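**Q** My questions all concern the structure below.
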Amino acid sequence: MRQTLTEIYDARVAEGLIRPDAAQRAILPALEDRRAWLETPVKKGLLGGLFKKPTEGPGGLYLWGGVGRGKSMLMDLFEQATDIQAKRRVHFHAFMQEIHHGMHEARKTGVDDALAPVARAVAQDLRLLAFDEMQITDITDAMIVGRLFQMLMEAGVVIVTTSNRPPEDLYKNGLNRALFLPFIALLRERMDVIALESETDYRQHRLTGAEVYFTPADARARAAMDALWSELTGVGAGSPLVLEVQGRKVEIPHHHNAVARAGFWDLCGRPLGPADYLALAERVRVLMIEDIPHLSAANYNEAKRFVTLIDALYEGKVRLIASAADQPERLYLEGAGAFEFERTASRLREMQALDWGSA
């Protein structure tokens, strides 16, 4: 017998897989309406049994709220339980990169509107498009996303998306933002905008009492980091997080649902600066850093970047999970910068506290 989303949610609560949350449960009927409509058989067309997309439906859903509230979990439950083939769950930034690539290829054919064939191809294959972490930070995304959404909606695609902010805060203070405002109006008109107001941050709750700093950075530390990554994200490697910073792209290797994972050299071995680390701190709630080495004059530039990174994470109240060659106080014992590192060591120690990041 087919279970409703609420019944599936309650069953998972009973099994101890998730914790009960009234605010999360209240979202499920809106998702169930869309699930029921999507699962209704599509009438066959007159030509060769071609299937037509329904012209009317419940519209999309824009679910927003603070990080760690369970938005992605609800969307995953909905997407997995919706019994259709023509569906896709994708991170918003990864999807927009695909759109840009498709438009680049379309322009080679000489078309006047490079977006039209790309949107047509997406709509041809999908009835449900589930986006995770919608956030507009790039001017090129801001200029095309409104037309893209309108094209997909008119083609009958149901769009469900999560975001950390309400529509009015998307692309806030962005370049030429006035041109973006019609898209916000479109979201309000064509999608149900629902705030998830749960007061519980489940990432913080999962980490309460957990060891979050592992030394030495050996196989045991790696296994522990793997286990925490799996617990926090529920996925394998995740997908890269690409940050747009002052016209540059900064890629973090692994990311899912506001949890990121990278090696020390990924973050500090490249010429990154405060703007890059601040952008990272704004995008993630938990950062996992692996293989922090001993620091000295031999890797002075990398050590300076590490200090800047920790400052950004500290100020942003980002939860830190790390594997390192030694305890914080013994990471930087000699050479220029060792004295200044004492503050960083103190912050690394403070960030291991059970309640860190909860304020």
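Please note that chains go A, B, ... in the order of the structure tokens, that every chain numbers its residues from 1, and that ligands are numbered from 1 in the order shown.
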Can you check which residues of region 144-297 of chain A DSSP gives as helix (DSSP H, G or I) on the backbone and send them as a PyMOL selection string?
**A** chain A and resi 144-154+167-169+177-190+202-207+219-233+264-268+274-283+297
**Q** Within 7 Å of region 341-354 of chain A, counting only C-alpha atoms, which residues qualify if same-chain residues fewer than 3 places away don't, as a VMD selection string?
**A** chain A and resid 208 to 209 212 to 213 307 310 320 328 to 329 332 337 to 338
**Q** Go ahead and save the residues from that selection, with N, CA and C atoms, as a PDB file, in the first residue's frame.
**A**
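The resulting result.pdb:
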ATOM      1  N   THR A 208      27.210  16.998  18.822  1.00  0.00           N
ATOM      2  CA  THR A 208      27.313  17.192  20.258  1.00  0.00           C
ATOM      3  C   THR A 208      27.929  15.949  20.902  1.00  0.00           C
ATOM      4  N   GLY A 209      29.037  16.142  21.576  1.00  0.00           N
ATOM      5  CA  GLY A 209      29.697  15.031  22.247  1.00  0.00           C
ATOM      6  C   GLY A 209      30.625  14.229  21.358  1.00  0.00           C
ATOM      7  N   VAL A 212      35.993  15.796  17.359  1.00  0.00           N
ATOM      8  CA  VAL A 212      36.045  16.547  16.108  1.00  0.00           C
ATOM      9  C   VAL A 212      37.467  16.945  15.711  1.00  0.00           C
ATOM     10  N   TYR A 213      38.465  16.556  16.506  1.00  0.00           N
ATOM     11  CA  TYR A 213      39.858  16.864  16.180  1.00  0.00           C
ATOM     12  C   TYR A 213      40.662  15.584  16.370  1.00  0.00           C
ATOM     13  N   VAL A 307      46.101  30.378   9.126  1.00  0.00           N
ATOM     14  CA  VAL A 307      45.687  31.304  10.178  1.00  0.00           C
ATOM     15  C   VAL A 307      44.501  32.144   9.701  1.00  0.00           C
ATOM     16  N   ILE A 310      41.308  29.939   9.576  1.00  0.00           N
ATOM     17  CA  ILE A 310      40.725  29.679  10.898  1.00  0.00           C
ATOM     18  C   ILE A 310      40.042  30.934  11.439  1.00  0.00           C
ATOM     19  N   LEU A 320      34.087  23.121  12.926  1.00  0.00           N
ATOM     20  CA  LEU A 320      35.306  22.591  12.330  1.00  0.00           C
ATOM     21  C   LEU A 320      35.542  21.156  12.776  1.00  0.00           C
ATOM     22  N   PRO A 328      46.761  21.267  18.625  1.00  0.00           N
ATOM     23  CA  PRO A 328      46.890  22.659  18.169  1.00  0.00           C
ATOM     24  C   PRO A 328      48.117  23.377  18.701  1.00  0.00           C
ATOM     25  N   GLU A 329      48.413  23.201  19.971  1.00  0.00           N
ATOM     26  CA  GLU A 329      49.532  23.927  20.585  1.00  0.00           C
ATOM     27  C   GLU A 329      50.898  23.459  20.081  1.00  0.00           C
ATOM     28  N   TYR A 332      52.791  24.487  15.506  1.00  0.00           N
ATOM     29  CA  TYR A 332      53.709  25.525  14.999  1.00  0.00           C
ATOM     30  C   TYR A 332      54.625  25.921  16.150  1.00  0.00           C
ATOM     31  N   GLY A 337      56.279  33.585  12.909  1.00  0.00           N
ATOM     32  CA  GLY A 337      54.849  33.326  12.963  1.00  0.00           C
ATOM     33  C   GLY A 337      54.429  32.388  14.061  1.00  0.00           C
ATOM     34  N   ALA A 338      55.395  31.733  14.728  1.00  0.00           N
ATOM     35  CA  ALA A 338      55.047  30.775  15.771  1.00  0.00           C
ATOM     36  C   ALA A 338      54.336  31.460  16.941  1.00  0.00           C
TER      37      ALA A 338
END
**Q** Would you mind listing what lies within 10 Å of region 166-178 of chain A as a PyMOL selection string, with only C-alpha atoms counted and same-chain residues fewer than 5 positions away left out?
**A** chain A and resi 62-65+134-139+141-143+183-188+193-195
**Q** What's around Tyr277 (chain A) at 9 Å? Count only C-alpha atoms, leave out sequence neighbours fewer than 5 positions away in its own chain, and write the answer as a list in words.
**A** Leu267, Leu272, Glu282, Thr308, Leu309, Ile310, Asp311, Ala312 and Leu313 of chain A
**Q** Emit the selected residues as a short mmCIF file (atom, residue, chain, number, x, y, z; two decimals), in the first residue's frame, including N, CA and C atoms.
**A**
data_model
loop_
_atom_site.label_atom_id
_atom_site.label_comp_id
_atom_site.auth_asym_id
_atom_site.auth_seq_id
_atom_site.Cartn_x
_atom_site.Cartn_y
_atom_site.Cartn_z
N LEU A 267 43.10 23.89 0.58
CA LEU A 267 42.67 25.18 1.11
C LEU A 267 43.81 26.16 1.32
N LEU A 272 45.08 31.53 -2.02
CA LEU A 272 43.77 32.04 -1.61
C LEU A 272 43.96 33.10 -0.53
N GLU A 282 30.73 31.69 4.64
CA GLU A 282 29.34 32.08 4.44
C GLU A 282 28.50 30.95 3.85
N THR A 308 44.58 32.64 8.47
CA THR A 308 43.49 33.44 7.91
C THR A 308 42.21 32.61 7.78
N LEU A 309 42.36 31.36 7.35
CA LEU A 309 41.21 30.47 7.22
C LEU A 309 40.53 30.25 8.55
N ILE A 310 41.31 29.94 9.58
CA ILE A 310 40.73 29.68 10.90
C ILE A 310 40.04 30.93 11.44
N ASP A 311 40.63 32.10 11.19
CA ASP A 311 39.98 33.34 11.61
C ASP A 311 38.61 33.49 10.96
N ALA A 312 38.52 33.20 9.66
CA ALA A 312 37.25 33.33 8.94
C ALA A 312 36.22 32.33 9.47
N LEU A 313 36.66 31.11 9.72
CA LEU A 313 35.75 30.08 10.25
C LEU A 313 35.29 30.45 11.66
#
**Q** With a distance cut-off of 12 Å and only C-alpha atoms, select the neighbouring residues of region 162-164 of chain A, excluding the residue or stretch itself and same-chain residues fewer than 6 positions from it, and output the selection as a count of residues only.
**A** 43
